[in-house]
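Asks: coords_18.tsv is reproduced in full below (TSV, C-alpha atoms and all ligand atoms).
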```tsv
chain	number	residue	atom	x	y	z
A	1	MET	CA	99.67	143.36	98.26
A	2	SER	CA	97.46	142.89	101.31
A	3	PRO	CA	93.86	141.97	100.46
A	4	SER	CA	91.02	144.50	100.74
A	5	GLN	CA	88.17	141.97	100.91
A	6	ALA	CA	87.53	138.23	100.82
A	7	ILE	CA	85.01	136.06	99.03
A	8	VAL	CA	84.60	132.90	101.06
A	9	VAL	CA	83.34	130.06	98.85
A	10	VAL	CA	82.00	127.37	101.14
A	11	ASP	CA	80.48	123.91	100.76
A	12	GLU	CA	76.98	123.96	102.30
A	13	ASN	CA	77.91	120.97	104.47
A	14	VAL	CA	80.59	122.98	106.27
A	15	HIS	CA	78.86	126.34	106.35
A	16	HIS	CA	79.84	126.76	110.00
A	17	VAL	CA	83.51	126.51	109.05
A	18	GLY	CA	83.00	129.22	106.41
A	19	GLN	CA	81.49	131.46	109.07
A	20	ARG	CA	84.37	130.83	111.45
A	21	VAL	CA	86.92	131.54	108.72
A	22	ALA	CA	85.12	134.70	107.57
A	23	ALA	CA	85.00	135.99	111.17
A	24	ALA	CA	88.71	135.31	111.65
A	25	LEU	CA	89.78	137.31	108.58
A	26	ASP	CA	90.72	140.93	109.19
A	27	VAL	CA	89.08	142.16	105.98
A	28	PRO	CA	85.38	142.36	105.03
A	29	ALA	CA	84.19	138.95	103.87
A	30	ARG	CA	81.23	137.77	101.84
A	31	ILE	CA	80.20	134.11	102.14
A	32	VAL	CA	78.96	132.23	99.07
A	33	SER	CA	77.49	128.75	99.54
A	34	VAL	CA	77.94	126.00	96.99
A	35	SER	CA	75.93	122.76	96.88
A	36	PRO	CA	77.96	119.73	97.86
A	37	GLY	CA	79.03	117.23	95.23
A	38	GLU	CA	81.01	116.79	92.05
A	39	LYS	CA	78.19	118.36	90.00
A	40	SER	CA	79.18	121.75	91.39
A	41	LYS	CA	82.55	121.49	89.66
A	42	SER	CA	81.02	122.99	86.51
A	43	LEU	CA	81.37	126.04	84.28
A	44	ALA	CA	77.82	127.03	85.25
A	45	GLU	CA	78.81	127.19	88.91
A	46	ALA	CA	82.03	129.04	88.01
A	47	GLU	CA	79.91	131.55	86.11
A	48	ARG	CA	77.70	132.08	89.13
A	49	LEU	CA	80.80	132.82	91.22
A	50	TYR	CA	82.13	135.23	88.56
A	51	GLY	CA	78.80	137.04	89.00
A	52	VAL	CA	79.38	137.32	92.75
A	53	LEU	CA	82.89	138.68	92.16
A	54	LEU	CA	81.58	141.20	89.66
A	55	GLU	CA	78.91	142.35	92.06
A	56	ALA	CA	81.50	142.70	94.82
A	57	ARG	CA	83.67	144.78	92.42
A	58	ALA	CA	86.47	142.33	92.94
A	59	ASP	CA	89.96	143.28	91.82
A	60	ARG	CA	93.36	141.67	92.41
A	61	ALA	CA	93.23	142.76	96.02
A	62	THR	CA	90.22	140.47	96.53
A	63	CYS	CA	91.16	137.13	98.06
A	64	VAL	CA	89.15	134.02	97.20
A	65	VAL	CA	88.94	131.65	100.16
A	66	ALA	CA	87.96	128.05	99.42
A	67	VAL	CA	86.38	126.27	102.39
A	68	GLY	CA	85.41	122.66	101.77
A	69	GLY	CA	86.67	119.52	100.09
A	70	GLY	CA	88.41	119.04	96.75
A	71	VAL	CA	85.31	120.11	94.83
A	72	ILE	CA	85.32	123.57	96.40
A	73	GLY	CA	89.11	123.90	96.16
A	74	ASP	CA	89.09	123.01	92.45
A	75	LEU	CA	86.06	125.20	91.65
A	76	ALA	CA	86.92	128.28	93.72
A	77	GLY	CA	90.56	127.88	92.68
A	78	TYR	CA	89.57	127.86	89.02
A	79	VAL	CA	87.49	130.99	89.50
A	80	ALA	CA	90.41	132.65	91.34
A	81	ALA	CA	92.80	131.64	88.57
A	82	THR	CA	90.69	133.06	85.77
A	83	TYR	CA	88.85	136.10	87.16
A	84	ALA	CA	90.73	139.30	86.30
A	85	ARG	CA	93.62	137.01	85.20
A	86	GLY	CA	94.18	135.77	88.70
A	87	LEU	CA	93.11	136.58	92.26
A	88	PRO	CA	94.94	135.43	95.38
A	89	LEU	CA	93.60	132.12	96.69
A	90	LEU	CA	93.54	130.84	100.27
A	91	MET	CA	92.71	127.18	100.76
A	92	VAL	CA	90.95	125.97	103.91
A	93	PRO	CA	90.46	122.26	103.16
A	94	THR	CA	87.92	120.44	105.31
A	95	SER	CA	87.92	116.91	103.84
A	96	LEU	CA	90.81	114.54	104.46
A	97	LEU	CA	91.41	114.21	100.72
A	98	ALA	CA	91.67	117.98	100.35
A	99	GLN	CA	93.88	118.33	103.43
A	100	LEU	CA	96.44	115.78	102.32
A	101	ASP	CA	96.28	116.10	98.58
A	102	SER	CA	94.09	118.41	96.51
A	103	SER	CA	94.72	121.71	98.33
A	104	VAL	CA	98.45	121.46	97.61
A	105	GLY	CA	100.00	121.68	94.16
A	106	GLY	CA	98.09	124.39	92.35
A	107	LYS	CA	95.87	122.31	90.05
A	108	VAL	CA	92.42	123.87	89.80
A	109	GLY	CA	89.59	123.23	87.39
A	110	VAL	CA	86.11	122.07	86.54
A	111	ASN	CA	84.59	119.15	84.66
A	112	PHE	CA	83.24	119.61	81.15
A	113	GLY	CA	81.62	117.37	78.55
A	114	GLY	CA	81.67	114.47	80.98
A	115	ILE	CA	85.47	114.70	81.36
A	116	LYS	CA	87.00	115.30	84.76
A	117	ASN	CA	89.06	118.46	85.25
A	118	ILE	CA	89.35	119.10	81.52
A	119	VAL	CA	88.98	122.88	81.89
A	120	GLY	CA	91.51	124.17	84.36
A	121	ALA	CA	94.66	126.02	85.25
A	122	PHE	CA	97.72	125.94	87.48
A	123	HIS	CA	97.19	128.50	90.25
A	124	GLN	CA	99.16	128.19	93.46
A	125	PRO	CA	97.36	129.23	96.65
A	126	VAL	CA	98.98	131.97	98.74
A	127	ALA	CA	98.47	129.66	101.73
A	128	VAL	CA	96.79	126.41	102.77
A	129	HIS	CA	95.34	126.32	106.26
A	130	VAL	CA	94.79	122.82	107.61
A	131	ALA	CA	92.95	122.13	110.88
A	132	THR	CA	92.31	118.45	111.57
A	133	ASP	CA	89.49	119.43	113.97
A	134	TRP	CA	87.20	119.94	110.97
A	135	LEU	CA	87.51	116.24	110.15
A	136	ALA	CA	85.32	115.27	113.13
A	137	THR	CA	82.13	115.66	111.06
A	138	LEU	CA	83.47	114.03	107.90
A	139	PRO	CA	81.47	110.90	106.92
A	140	ALA	CA	83.40	107.61	107.19
A	141	ARG	CA	83.24	107.05	103.45
A	142	GLU	CA	84.91	110.41	102.84
A	143	VAL	CA	87.61	109.51	105.35
A	144	ARG	CA	88.33	106.37	103.33
A	145	CYS	CA	88.54	108.47	100.14
A	146	GLY	CA	91.25	110.60	101.71
A	147	LEU	CA	93.05	107.48	102.86
A	148	GLY	CA	92.93	106.20	99.27
A	149	GLU	CA	94.95	109.20	98.08
A	150	ALA	CA	97.30	108.85	101.05
A	151	VAL	CA	98.00	105.22	100.15
A	152	ARG	CA	98.61	106.27	96.54
A	153	CYS	CA	101.08	108.94	97.68
A	154	ALA	CA	103.00	106.61	99.98
A	155	PHE	CA	102.89	103.61	97.63
A	156	THR	CA	104.28	105.69	94.78
A	157	LEU	CA	106.73	107.98	96.56
A	158	ASP	CA	107.72	106.82	100.01
A	159	ALA	CA	108.25	103.24	101.19
A	160	ALA	CA	108.74	104.34	104.83
A	161	LEU	CA	105.44	106.20	104.85
A	162	PHE	CA	103.75	103.16	103.28
A	163	ALA	CA	105.10	100.94	106.08
A	164	TRP	CA	103.91	103.52	108.63
A	165	ILE	CA	100.39	103.38	107.15
A	166	GLU	CA	100.48	99.57	107.33
A	167	ALA	CA	101.43	99.76	111.00
A	168	ASN	CA	98.92	102.51	111.86
A	169	ALA	CA	95.87	101.52	109.81
A	170	ARG	CA	93.64	101.20	112.86
A	171	ALA	CA	94.60	104.63	114.26
A	172	LEU	CA	93.96	106.16	110.86
A	173	VAL	CA	90.52	104.62	110.45
A	174	GLN	CA	89.68	105.94	113.92
A	175	LEU	CA	90.94	109.42	113.01
A	176	GLU	CA	93.38	109.58	115.90
A	177	PRO	CA	94.58	113.20	115.85
A	178	ALA	CA	98.32	112.54	116.11
A	179	ALA	CA	98.16	109.90	113.36
A	180	MET	CA	96.12	112.19	111.11
A	181	ARG	CA	98.52	115.08	111.59
A	182	HIS	CA	101.49	112.88	110.73
A	183	LEU	CA	99.80	111.47	107.64
A	184	ILE	CA	98.66	114.87	106.33
A	185	HIS	CA	102.05	116.44	106.97
A	186	GLU	CA	103.95	113.65	105.22
A	187	CYS	CA	101.61	113.49	102.21
A	188	CYS	CA	101.73	117.27	101.70
A	189	ARG	CA	105.51	117.27	102.09
A	190	ARG	CA	106.03	114.50	99.52
A	191	LYS	CA	103.58	116.04	97.07
A	192	ALA	CA	105.11	119.52	97.43
A	193	GLN	CA	108.59	118.09	96.69
A	194	VAL	CA	107.40	116.58	93.42
A	195	VAL	CA	105.41	119.69	92.47
A	196	GLN	CA	108.44	121.88	93.08
A	197	GLU	CA	110.47	119.77	90.68
A	198	ASP	CA	107.83	120.10	87.95
A	199	PRO	CA	105.19	122.72	88.86
A	200	LEU	CA	103.50	122.84	85.45
A	201	GLU	CA	103.73	119.11	84.67
A	202	ARG	CA	106.20	119.73	81.86
A	203	SER	CA	109.13	117.42	82.58
A	204	GLY	CA	106.96	114.43	83.28
A	205	ARG	CA	108.16	114.20	86.91
A	206	ARG	CA	104.82	115.42	88.26
A	207	MET	CA	103.05	112.67	86.33
A	208	VAL	CA	104.08	110.16	89.04
A	209	LEU	CA	101.44	111.78	91.24
A	210	ASN	CA	98.86	110.42	88.81
A	211	ALA	CA	99.42	106.79	89.77
A	212	GLY	CA	96.06	105.06	89.96
A	213	HIS	CA	94.43	107.97	88.16
A	214	THR	CA	94.56	106.81	84.53
A	215	VAL	CA	92.28	103.87	85.29
A	216	GLY	CA	90.74	105.69	88.28
A	217	HIS	CA	89.38	108.67	86.33
A	218	VAL	CA	87.66	106.39	83.89
A	219	LEU	CA	86.05	104.36	86.66
A	220	GLU	CA	84.89	107.58	88.22
A	221	SER	CA	83.38	108.95	85.03
A	222	SER	CA	81.83	105.64	84.01
A	223	ALA	CA	80.14	105.67	87.41
A	224	GLY	CA	78.55	109.02	86.49
A	225	LEU	CA	81.03	111.66	87.62
A	226	GLY	CA	81.61	110.47	91.10
A	227	GLU	CA	78.07	109.68	92.12
A	228	SER	CA	78.44	106.01	92.83
A	229	LEU	CA	82.22	105.82	93.02
A	230	ARG	CA	84.05	108.61	94.81
A	231	HIS	CA	87.38	109.95	93.58
A	232	GLY	CA	89.48	108.42	96.35
A	233	GLU	CA	87.74	105.08	95.93
A	234	ALA	CA	88.30	105.10	92.17
A	235	VAL	CA	91.98	105.94	92.67
A	236	ALA	CA	92.45	103.01	95.06
A	237	ILE	CA	90.88	100.58	92.59
A	238	GLY	CA	92.84	102.20	89.75
A	239	LEU	CA	96.06	101.73	91.69
A	240	VAL	CA	95.44	98.00	92.04
A	241	ALA	CA	94.52	97.72	88.33
A	242	GLU	CA	97.67	99.59	87.34
A	243	CYS	CA	99.73	97.30	89.57
A	244	ARG	CA	98.39	94.34	87.61
A	245	ILE	CA	99.64	96.07	84.46
A	246	ALA	CA	103.04	96.69	86.10
A	247	GLU	CA	103.17	93.00	87.05
A	248	ALA	CA	102.40	91.96	83.47
A	249	LEU	CA	105.18	94.25	82.22
A	250	GLY	CA	107.59	92.59	84.66
A	251	TRP	CA	108.13	95.81	86.66
A	252	ILE	CA	106.97	94.39	89.98
A	253	ASP	CA	106.09	91.00	91.36
A	254	ALA	CA	102.72	89.98	92.77
A	255	ALA	CA	103.95	90.44	96.36
A	256	VAL	CA	104.01	94.23	95.84
A	257	THR	CA	100.37	94.27	94.70
A	258	ALA	CA	99.48	91.97	97.60
A	259	ARG	CA	100.86	94.50	100.12
A	260	LEU	CA	98.84	97.25	98.47
A	261	VAL	CA	95.65	95.17	98.55
A	262	ALA	CA	96.27	94.24	102.20
A	263	VAL	CA	96.68	97.85	103.29
A	264	LEU	CA	93.54	98.91	101.42
A	265	GLU	CA	91.64	96.12	103.15
A	266	ALA	CA	93.00	97.17	106.55
A	267	LEU	CA	91.69	100.66	105.84
A	268	GLY	CA	88.28	99.26	104.89
A	269	MET	CA	88.65	100.20	101.23
A	270	GLN	CA	87.29	98.49	98.18
A	271	HIS	CA	89.90	97.38	95.65
A	272	ALA	CA	87.88	95.69	92.92
A	273	VAL	CA	84.87	96.71	90.84
A	274	PRO	CA	81.98	94.37	90.07
A	275	ARG	CA	80.72	95.46	86.64
A	276	LEU	CA	82.61	97.46	84.05
A	277	ASP	CA	82.23	97.82	80.33
A	278	PRO	CA	85.74	97.54	78.87
A	279	GLU	CA	84.56	99.13	75.59
A	280	TYR	CA	83.35	102.21	77.44
A	281	VAL	CA	86.53	102.30	79.46
A	282	MET	CA	88.66	102.25	76.32
A	283	HIS	CA	86.59	105.04	74.84
A	284	ALA	CA	86.87	107.17	77.97
A	285	MET	CA	90.60	106.54	78.23
A	286	SER	CA	91.11	107.72	74.68
A	287	ARG	CA	89.86	111.13	75.86
A	288	ASP	CA	92.16	111.23	78.89
A	289	LYS	CA	94.11	114.47	79.09
A	290	LYS	CA	97.16	112.60	80.35
A	291	ALA	CA	97.52	111.22	76.82
A	292	HIS	CA	100.67	112.41	75.11
A	293	HIS	CA	100.97	112.27	71.31
A	294	GLY	CA	97.82	110.17	71.37
A	295	LYS	CA	99.29	107.57	73.74
A	296	LEU	CA	97.94	107.05	77.23
A	297	ARG	CA	100.43	107.55	79.99
A	298	PHE	CA	100.53	105.53	83.18
A	299	ALA	CA	102.50	106.08	86.37
A	300	LEU	CA	103.31	102.49	87.27
A	301	ALA	CA	104.97	101.06	90.36
A	302	ARG	CA	108.56	99.87	90.15
A	303	GLY	CA	108.32	98.68	93.74
A	304	ILE	CA	106.93	100.09	96.98
A	305	GLY	CA	107.71	103.81	97.13
A	306	THR	CA	108.88	104.15	93.56
A	307	ALA	CA	107.15	104.60	90.21
A	308	ASP	CA	107.91	105.54	86.62
A	309	VAL	CA	105.81	107.03	83.88
A	310	THR	CA	105.32	105.05	80.69
A	311	ALA	CA	103.30	105.35	77.51
A	312	ASP	CA	104.22	101.82	76.47
A	313	VAL	CA	101.34	99.75	77.75
A	314	PRO	CA	100.14	97.50	74.92
A	315	LEU	CA	96.44	97.89	74.22
A	316	ASP	CA	95.69	94.18	74.52
A	317	LEU	CA	97.34	94.06	77.96
A	318	LEU	CA	95.22	96.99	79.08
A	319	MET	CA	92.06	95.31	77.82
A	320	THR	CA	92.86	91.99	79.50
A	321	THR	CA	93.57	93.74	82.79
A	322	LEU	CA	90.33	95.68	82.66
A	323	GLN	CA	88.34	92.60	81.79
A	324	ALA	CA	89.86	90.76	84.73
A	325	LEU	CA	88.93	93.70	86.97
A	326	ALA	CA	85.36	93.61	85.80
A	327	ARG	CA	84.81	90.07	87.01
B	1	LIG	N1	93.39	119.69	92.47
B	1	LIG	C1	93.94	118.55	92.79
B	1	LIG	O1	95.15	118.42	92.81
B	1	LIG	C2	93.05	117.40	93.16
B	1	LIG	C3	93.61	116.25	93.72
B	1	LIG	C4	92.76	115.23	94.12
B	1	LIG	C5	91.40	115.34	93.94
B	1	LIG	N2	90.90	116.49	93.37
B	1	LIG	C6	89.45	116.66	93.20
B	1	LIG	O2	88.87	116.73	94.49
B	1	LIG	C7	87.54	116.24	94.44
B	1	LIG	C8	87.34	115.26	95.55
B	1	LIG	O3	87.56	115.91	96.77
B	1	LIG	P1	86.79	115.48	98.09
B	1	LIG	O4	86.91	114.03	98.25
B	1	LIG	O5	87.24	116.37	99.17
B	1	LIG	O6	85.28	115.74	97.66
B	1	LIG	P2	84.18	116.80	98.08
B	1	LIG	O7	84.69	118.18	98.00
B	1	LIG	O8	82.98	116.45	97.29
B	1	LIG	O9	83.93	116.50	99.63
B	1	LIG	C9	83.43	115.24	99.98
B	1	LIG	C10	82.13	115.34	100.77
B	1	LIG	O10	82.46	115.66	102.10
B	1	LIG	C11	81.73	116.80	102.52
B	1	LIG	N3	82.60	117.47	103.49
B	1	LIG	C12	83.79	118.08	103.27
B	1	LIG	N4	84.34	118.44	104.43
B	1	LIG	C13	83.50	118.04	105.42
B	1	LIG	C14	83.53	118.09	106.82
B	1	LIG	N5	84.57	118.61	107.48
B	1	LIG	N6	82.46	117.60	107.50
B	1	LIG	C15	81.42	117.03	106.85
B	1	LIG	N7	81.34	116.92	105.52
B	1	LIG	C16	82.37	117.42	104.80
B	1	LIG	C17	81.40	117.54	101.26
B	1	LIG	O11	80.26	118.33	101.43
B	1	LIG	C18	81.16	116.40	100.30
B	1	LIG	O12	79.85	115.92	100.46
B	1	LIG	C19	87.36	115.63	93.05
B	1	LIG	O13	86.63	116.53	92.26
B	1	LIG	C20	88.77	115.50	92.54
B	1	LIG	O14	88.85	115.58	91.13
B	1	LIG	C21	91.70	117.50	92.99
B	2	ZN	ZN	93.37	112.22	92.98
```
Could I get this structure in the form of structure tokens?
Ligand SMILES: NC(=O)c1ccc[n+]([C@@H]2O[C@H](COP(=O)([O-])OP(=O)(O)OC[C@H]3O[C@@H](n4cnc5c(N)ncnc54)[C@H](O)[C@@H]3O)[C@@H](O)[C@H]2O)c1
Ligand SMILES: [Zn+2]

Replies:
Amino acid sequence: MSPSQAIVVVDENVHHVGQRVAAALDVPARIVSVSPGEKSKSLAEAERLYGVLLEARADRATCVVAVGGGVIGDLAGYVAATYARGLPLLMVPTSLLAQLDSSVGGKVGVNFGGIKNIVGAFHQPVAVHVATDWLATLPAREVRCGLGEAVRCAFTLDAALFAWIEANARALVQLEPAAMRHLIHECCRRKAQVVQEDPLERSGRRMVLNAGHTVGHVLESSAGLGESLRHGEAVAIGLVAECRIAEALGWIDAAVTARLVAVLEALGMQHAVPRLDPEYVMHAMSRDKKAHHGKLRFALARGIGTADVTADVPLDLLMTTLQALAR
């Protein structure tokens, strides 16, 4: 069915992109601005958007267009997934993280009760439109966040891509267009392959994409839902922490972690946290939705470019690792 109208949900910081996208659509479009930041990924904000859809008499021929970073994609995607049992969704990611990771794969959702993404759905976009030109205005810190997810993708799934990142770190930090295009293309391709094998995260295969995220999500929420530690930064630190666990389990040797740390440093990324309350972390982890039959699951490295999912990480090992991180 071809759409009859579009609701363009846009992050205030990229309002100009929303206007350009709305003008390029060949159906009437209404633009709705959303305040930047993780706080907008809430049920209250979803409710406000439902109100806009209601007012616009939206039906299944109404396309929701998400213009912004992962926050907008997750929020607008969740609204598209749930309003009238599902509206078509077009993603126009403008942050590096959204271009190479969050806009692909169909996971949408909002935060609730202090837990990241706990209310959500699987809703595949009809299309994802990536233009690297939008990255020109992205703050350097946000570029690093995107690079954090890219490193996670390569480190977990593709040794050749990881080596390419090692060799091209400088070009990536400088946002060289050809390097960015290659990185985004490869990350989306690798993620899409895994998602195709397990679109609804049933077989466990898709869980490998969560490397760095079991520890990462907790770091992010203990920092106050992304205010002092951004998602991509938390994932990078989480990846290093989870490598220490993999080392302790005898899955990898320290040289693998050392290569990861070196590439994060080359990209100007932090890989350790100063203060952390292990008690809080344990509490937050116990509420992680990746838990299965009450056991936390980790996607741990088996080497560069390969990882396996396990629920067999002894509690005392986890605690020791987190305490070491906190130093
Ligand atoms: N659905 C998924 O599969 C998935 C995967 C990874 C992350 N996520 C989610 O994505 C979110 C993080 O995404 P993010 O890092 O894009 O955060 P974000 O959406 O908050 O964007 C980061 C910042 O960059 C600004 N911005 C975006 N594009 C810009 C541009 N072109 N120029 C200038 N400023 C720009 C935004 O206003 C914001 O301040 C988290 O909520 C995370 O949970 C979802
Ligand atoms: Zn992520």

Asks: Any residue with an atom at most 7 Å from ligand LIG 1 (chain B) counts, using all atoms listed in the file. Which are they? Put them as a PDB file with C-alpha atoms, keeping the file's coordinate frame.

Replies:
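Heads up, here's the output in pocket-v9.pdb:
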```pdb
ATOM      1  CA  ASP A  11      80.480 123.910 100.760  1.00  0.00           C
ATOM      2  CA  GLU A  12      76.980 123.960 102.300  1.00  0.00           C
ATOM      3  CA  ASN A  13      77.910 120.970 104.470  1.00  0.00           C
ATOM      4  CA  VAL A  14      80.590 122.980 106.270  1.00  0.00           C
ATOM      5  CA  PRO A  36      77.960 119.730  97.860  1.00  0.00           C
ATOM      6  CA  GLY A  37      79.030 117.230  95.230  1.00  0.00           C
ATOM      7  CA  GLU A  38      81.010 116.790  92.050  1.00  0.00           C
ATOM      8  CA  LYS A  41      82.550 121.490  89.660  1.00  0.00           C
ATOM      9  CA  GLY A  68      85.410 122.660 101.770  1.00  0.00           C
ATOM     10  CA  GLY A  69      86.670 119.520 100.090  1.00  0.00           C
ATOM     11  CA  GLY A  70      88.410 119.040  96.750  1.00  0.00           C
ATOM     12  CA  VAL A  71      85.310 120.110  94.830  1.00  0.00           C
ATOM     13  CA  ILE A  72      85.320 123.570  96.400  1.00  0.00           C
ATOM     14  CA  ASP A  74      89.090 123.010  92.450  1.00  0.00           C
ATOM     15  CA  THR A  94      87.920 120.440 105.310  1.00  0.00           C
ATOM     16  CA  SER A  95      87.920 116.910 103.840  1.00  0.00           C
ATOM     17  CA  LEU A  96      90.810 114.540 104.460  1.00  0.00           C
ATOM     18  CA  LEU A  97      91.410 114.210 100.720  1.00  0.00           C
ATOM     19  CA  ALA A  98      91.670 117.980 100.350  1.00  0.00           C
ATOM     20  CA  ASP A 101      96.280 116.100  98.580  1.00  0.00           C
ATOM     21  CA  SER A 102      94.090 118.410  96.510  1.00  0.00           C
ATOM     22  CA  SER A 103      94.720 121.710  98.330  1.00  0.00           C
ATOM     23  CA  VAL A 104      98.450 121.460  97.610  1.00  0.00           C
ATOM     24  CA  GLY A 105     100.000 121.680  94.160  1.00  0.00           C
ATOM     25  CA  GLY A 106      98.090 124.390  92.350  1.00  0.00           C
ATOM     26  CA  LYS A 107      95.870 122.310  90.050  1.00  0.00           C
ATOM     27  CA  VAL A 108      92.420 123.870  89.800  1.00  0.00           C
ATOM     28  CA  LYS A 116      87.000 115.300  84.760  1.00  0.00           C
ATOM     29  CA  ASN A 117      89.060 118.460  85.250  1.00  0.00           C
ATOM     30  CA  TRP A 134      87.200 119.940 110.970  1.00  0.00           C
ATOM     31  CA  LEU A 135      87.510 116.240 110.150  1.00  0.00           C
ATOM     32  CA  ALA A 136      85.320 115.270 113.130  1.00  0.00           C
ATOM     33  CA  THR A 137      82.130 115.660 111.060  1.00  0.00           C
ATOM     34  CA  LEU A 138      83.470 114.030 107.900  1.00  0.00           C
ATOM     35  CA  PRO A 139      81.470 110.900 106.920  1.00  0.00           C
ATOM     36  CA  GLU A 142      84.910 110.410 102.840  1.00  0.00           C
ATOM     37  CA  CYS A 145      88.540 108.470 100.140  1.00  0.00           C
ATOM     38  CA  GLY A 146      91.250 110.600 101.710  1.00  0.00           C
ATOM     39  CA  HIS A 231      87.380 109.950  93.580  1.00  0.00           C
ATOM     40  CA  GLY A 232      89.480 108.420  96.350  1.00  0.00           C
TER      41      GLY A 232
END
```

Asks: Using only C-alpha atoms and all ligand atoms, find the one residue out of A:Leu322, A:Ala211, A:Ala262, A:Ala46 that sits nearest to ligand ZN 2 (chain B).

Replies: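 Smallest separation from ligand ZN 2 (chain B) among the options: A:Ala211.
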
Asks: Between A:Ile245, A:Tyr280, A:Ala167, A:Ser222, which residue has the minimum interatomic distance to Asp312 of chain A, considering only C-alpha atoms?

Replies: A:Ile245

Asks: When distances are computed from only C-alpha atoms, which of A:Val263, A:Ala307, A:Ala121, A:Ala127 shows the smallest separation from Asn168 of chain A?

Replies: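 Among the listed residues, the smallest separation from Asn168 of chain A belongs to A:Val263.
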
Asks: Considering only C-alpha atoms and all ligand atoms, can you say which of A:Ala311, A:Glu45, A:Gly305, A:Met207 comes closest to ligand ZN 2 (chain B)?

Replies: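 Of all the options, A:Met207 lies closest to ligand ZN 2 (chain B).
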
Asks: Could you list, as a PyMOL selection string, every residue within 8 Å of His213 of chain A, counting all atoms listed in the file and ignoring same-chain residues fewer than 5 positions away?

Replies: chain A and resi 234-235+238-239

Asks: Using all atoms listed in the file, determine which residues lie at most 8 Å from Met285 of chain A, disregarding the query and same-chain residues fewer than 5 positions distant; provide the list as a ChimeraX atom specification.

Replies: /A:214-215,218,296

Asks: Nearest to ligand ZN 2 (chain B): which of A:Glu166, A:Glu149, A:Glu186, A:Asp316 is it, counting all atoms listed in the file?

Replies: A:Glu149

Asks: Place N, CA and C atoms on segment 88-102 of chain A and deliver the coordinates as a PDB file, in the coordinates of the input.

Replies:
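result03.pdb was written with the following content:
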```pdb
ATOM      1  N   PRO A  88      94.316 136.270  94.354  1.00  0.00           N
ATOM      2  CA  PRO A  88      94.940 135.430  95.380  1.00  0.00           C
ATOM      3  C   PRO A  88      93.929 134.415  95.939  1.00  0.00           C
ATOM      4  N   LEU A  89      94.452 133.234  96.254  1.00  0.00           N
ATOM      5  CA  LEU A  89      93.600 132.120  96.690  1.00  0.00           C
ATOM      6  C   LEU A  89      94.111 131.583  98.024  1.00  0.00           C
ATOM      7  N   LEU A  90      93.204 131.465  98.981  1.00  0.00           N
ATOM      8  CA  LEU A  90      93.540 130.840 100.270  1.00  0.00           C
ATOM      9  C   LEU A  90      92.731 129.553 100.367  1.00  0.00           C
ATOM     10  N   MET A  91      93.407 128.458 100.651  1.00  0.00           N
ATOM     11  CA  MET A  91      92.710 127.180 100.760  1.00  0.00           C
ATOM     12  C   MET A  91      92.492 126.818 102.239  1.00  0.00           C
ATOM     13  N   VAL A  92      91.251 126.494 102.571  1.00  0.00           N
ATOM     14  CA  VAL A  92      90.950 125.970 103.910  1.00  0.00           C
ATOM     15  C   VAL A  92      90.261 124.611 103.705  1.00  0.00           C
ATOM     16  N   PRO A  93      91.056 123.563 103.468  1.00  0.00           N
ATOM     17  CA  PRO A  93      90.460 122.260 103.160  1.00  0.00           C
ATOM     18  C   PRO A  93      89.790 121.631 104.380  1.00  0.00           C
ATOM     19  N   THR A  94      88.626 121.047 104.177  1.00  0.00           N
ATOM     20  CA  THR A  94      87.920 120.440 105.310  1.00  0.00           C
ATOM     21  C   THR A  94      87.729 118.929 105.161  1.00  0.00           C
ATOM     22  N   SER A  95      87.980 118.373 103.969  1.00  0.00           N
ATOM     23  CA  SER A  95      87.920 116.910 103.840  1.00  0.00           C
ATOM     24  C   SER A  95      89.343 116.375 103.962  1.00  0.00           C
ATOM     25  N   LEU A  96      89.466 115.111 104.331  1.00  0.00           N
ATOM     26  CA  LEU A  96      90.810 114.540 104.460  1.00  0.00           C
ATOM     27  C   LEU A  96      91.531 114.563 103.114  1.00  0.00           C
ATOM     28  N   LEU A  97      90.798 114.226 102.053  1.00  0.00           N
ATOM     29  CA  LEU A  97      91.410 114.210 100.720  1.00  0.00           C
ATOM     30  C   LEU A  97      91.968 115.590 100.372  1.00  0.00           C
ATOM     31  N   ALA A  98      91.202 116.622 100.672  1.00  0.00           N
ATOM     32  CA  ALA A  98      91.670 117.980 100.350  1.00  0.00           C
ATOM     33  C   ALA A  98      92.837 118.371 101.249  1.00  0.00           C
ATOM     34  N   GLN A  99      92.806 117.944 102.514  1.00  0.00           N
ATOM     35  CA  GLN A  99      93.880 118.330 103.430  1.00  0.00           C
ATOM     36  C   GLN A  99      95.210 117.687 103.066  1.00  0.00           C
ATOM     37  N   LEU A 100      95.163 116.445 102.571  1.00  0.00           N
ATOM     38  CA  LEU A 100      96.440 115.780 102.320  1.00  0.00           C
ATOM     39  C   LEU A 100      96.824 115.721 100.847  1.00  0.00           C
ATOM     40  N   ASP A 101      95.948 116.201  99.994  1.00  0.00           N
ATOM     41  CA  ASP A 101      96.280 116.100  98.580  1.00  0.00           C
ATOM     42  C   ASP A 101      95.845 117.313  97.758  1.00  0.00           C
ATOM     43  N   SER A 102      94.515 117.499  97.569  1.00  0.00           N
ATOM     44  CA  SER A 102      94.090 118.410  96.510  1.00  0.00           C
ATOM     45  C   SER A 102      94.358 119.893  96.784  1.00  0.00           C
TER      46      SER A 102
END
```
